[in-house]
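In what follows, a structure is listed as structure tokens, so that the remarks can point back to it.
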Amino acid sequence: MNLFKRFKGIFNRENERRQTSQSAIPFRLNLLLWIVALLLLALGIRLFYLQVLNGTSYKALVKQSDTTTETNNVQRGMIYDSTGKVLVGNQAHQAITYTKGSTVTDADMYKVANRLGNYIKVNTERLTDRNQIDYYLADTSHLKKVEKVAHIKNGATSSYDDAVKYLNHHPKFFHLDEAEKNKAMIYGAMSGAYSLSTINIKATGVTAKELSEVGEHLSELPGVKIGTAWTRNYPQGKDIQSLVGTVTTTGLPSDTQNELLAQGYSRNDNVGASYLEKLFQATLAGSKSQTEVSTTGNKTTTKLKYAGKKGDNLVLTINGEFQKKVQSILESNYSSAGNAYSSGVYAVVMNPNTGAIYAMAGIDRNPKTGKETVDQIGAINHPIVLGSVVKPATLMAGLMTGVITPSNNVLTDKPIKVAGTSVKASWFNKSGSANMALTAPEALEVSSNSYMMQVLMKIGGMKYSYDTQITLKPSIFTKMRYYYNMFGLGVKTGIDLPGETVGYKGAADQSHIGSALDLSYGNYDAYTVIQLAQYMSTIANGGYKLLPYVVKQIRETNSDGSLGKVQSETEPQVQSVIDAPKSYFNLIHQGLYLVTHGTNTYVTAGKLKDVTPSISGKTGTAETVSEGHETTTLSFAGYAPSNNPQVVVALSIPGSTNDDGGANITMAREIFAAYWKYVAGKPSSN
């Protein structure tokens, strides 16, 4: 009985446990179901919000795409000589480049610059104080520090500018070490780039180690790539740089930066810095490539929109081999002129029938230090008192004003003395012991100063007698310069090179009236050698003043890299025609022939008599003062062949101390010989 009760009790307790368990399960299940229901309700509400209330806007956001265009530099056009040889080419280099994204912030660039600076080293010579300040303030902690010290209100519109101003006035507030300067230079380059434009962070001298390290960390350097950059090379020698100019290697030049920025260049673009490279920048630069970058949602795709166009090429009238030879002739003969106080030597070789320049050579010399540098462009921007080479123009002035004629032009060479001035005489007749009657051609043959002064006085209406009062008026300067200008002396030639100067005009008032006599034989005003070449060309061709030029053609590039079709070609341009009878020019031509072939004891360039083809020309010996010493400027201008001029040579050596050495004549002789050898070959006529 007790056992039965005991079993019954166990059974009842088990039932109770089962009932309790069964009652607990539905409660938990119900709680879970309620939680699920609430979550589903929240999800439904969210879906309702997204799909019903804002579905349209979110669909638009998903489909939204952003399209921008990246630009990249192309290879610069090359410069060729007249025979098709490359004077200025391009050399490809592996480079570290950076493309600035459209949403990139200063903070982003600061991070990239710091990382990239750990892998490459750039040239920091052009690092400015502002570059360093901008880099320093790009760290927000530094900016806050400056704001605190300078009591600048944080967040104010001008807070950054105020911080820059403070650091400019307190340069010792911070100091960048060499590593930081390297990074500052990189940051400055990045900051100066336009959005979506590609610039070179390091274009040359990138080492294998730098390439390797940058390549390994490109994922950490957004915008940075390993690309290709081009720099100029000079297969015929670097001397040609002083004529064609150079290209910047560190971005836009400061003096033209704003102008170039307005034209769409980036601060870090390399452009022509001088002469032809600068003058023809738009032609040589070409057009940048364009890559379309499209972003749709999180997907970015790129598509080449325009491959870019290599810059067009310049073909010059310059013969590269001849150019080098002319430069060498100047260098090898310069010292024989006695150049202790000389400031240089310059030469131009020109086609008198077209204006094309075959060679332009020069040396600039510092009389104080003796340092010599190649200065080919000095022929257009270095005014020189040229001396007697001007005398043919004085004779033409006399002929055109009627004071002498082809049939009546005999004057006696004698020392000239007017009241208030010292005696002025010809080089061979300073004492009056060699007085002689001269025709106009003979006056050129012996280089008579007296003859030229008498012509000028006649033009000015002055009746001369020994020690008479000078009655010339200042208008004589204007009148004589009118005729000189007519031939190209004292006016810009208009050559297609920047930086040409007009020369120098001496004072032309009554107090300087005696200097008008010096003007008549080339010892007063100063002219450039390019003017001398144009002037002699005008005489050689019978009165046609032609525009000198060095750019013959602009041409495209073929797919194989060779010269392509002609875009434009320079045609000979006559600037003016001298309205004078042929008989006047014949008289001058006769005189220039006598200068080199005459038999007078005082002939000035007889050393050229035996040259074939025949040379006609005029020497010049102007009395000058250099570095406080009496010196002479030795000049020459002439053409060949005498009966059919095909080439003009003009040169000058200012500040010579050896006027008896004939350095000018020797240079001229060698240049003419080199012309027939390197440029023209056999002449068409002697």
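Scheme for the structure tokens: letters A, B, ... for chains in order shown; per-chain residue numbers from 1; ligand numbers from 1 in order shown.
Close contacts of Leu218 in chain A, defined as residues with an atom at most 12 Å away when counting only C-alpha atoms, with chain neighbours fewer than 4 positions off set aside, comprise A:Ile96, A:Thr97, A:Tyr98, A:Val112, A:Arg115, A:Leu116, A:Tyr119, A:Glu210, A:Leu211, A:Ser212, A:Glu213, A:Val214, A:Pro222, A:Gly223, A:Val224, A:Lys225, A:Ile226.
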Selection: 10 Å around Pro572 in chain A, only C-alpha atoms, excl. self and same-chain fewer than 3 positions, as a PyMOL selection string: chain A and resi 353-356+546-549+552+569+575
In range 447-553 of chain A, DSSP strand (DSSP E or B) residues written as a ChimeraX atom specification: /A:468,504,526-527,544-546,549,551-553
Those of range 85-261 of chain A in DSSP alpha helix (DSSP H), formatted as JSON, numbers by chain: {"A": [106, 107, 108, 109, 110, 111, 112, 113, 114, 115, 116, 129, 130, 131, 132, 133, 134, 135, 136, 137, 140, 141, 142, 143, 144, 145, 146, 147, 148, 149, 150, 159, 160, 161, 162, 163, 164, 165, 166, 167, 168, 169, 178, 179, 180, 181, 182, 183, 184, 185, 186, 187, 188, 189, 190, 191, 208, 209, 210, 211, 212, 213, 214, 215, 216, 241, 242, 243, 244, 257, 258, 259, 260, 261]}
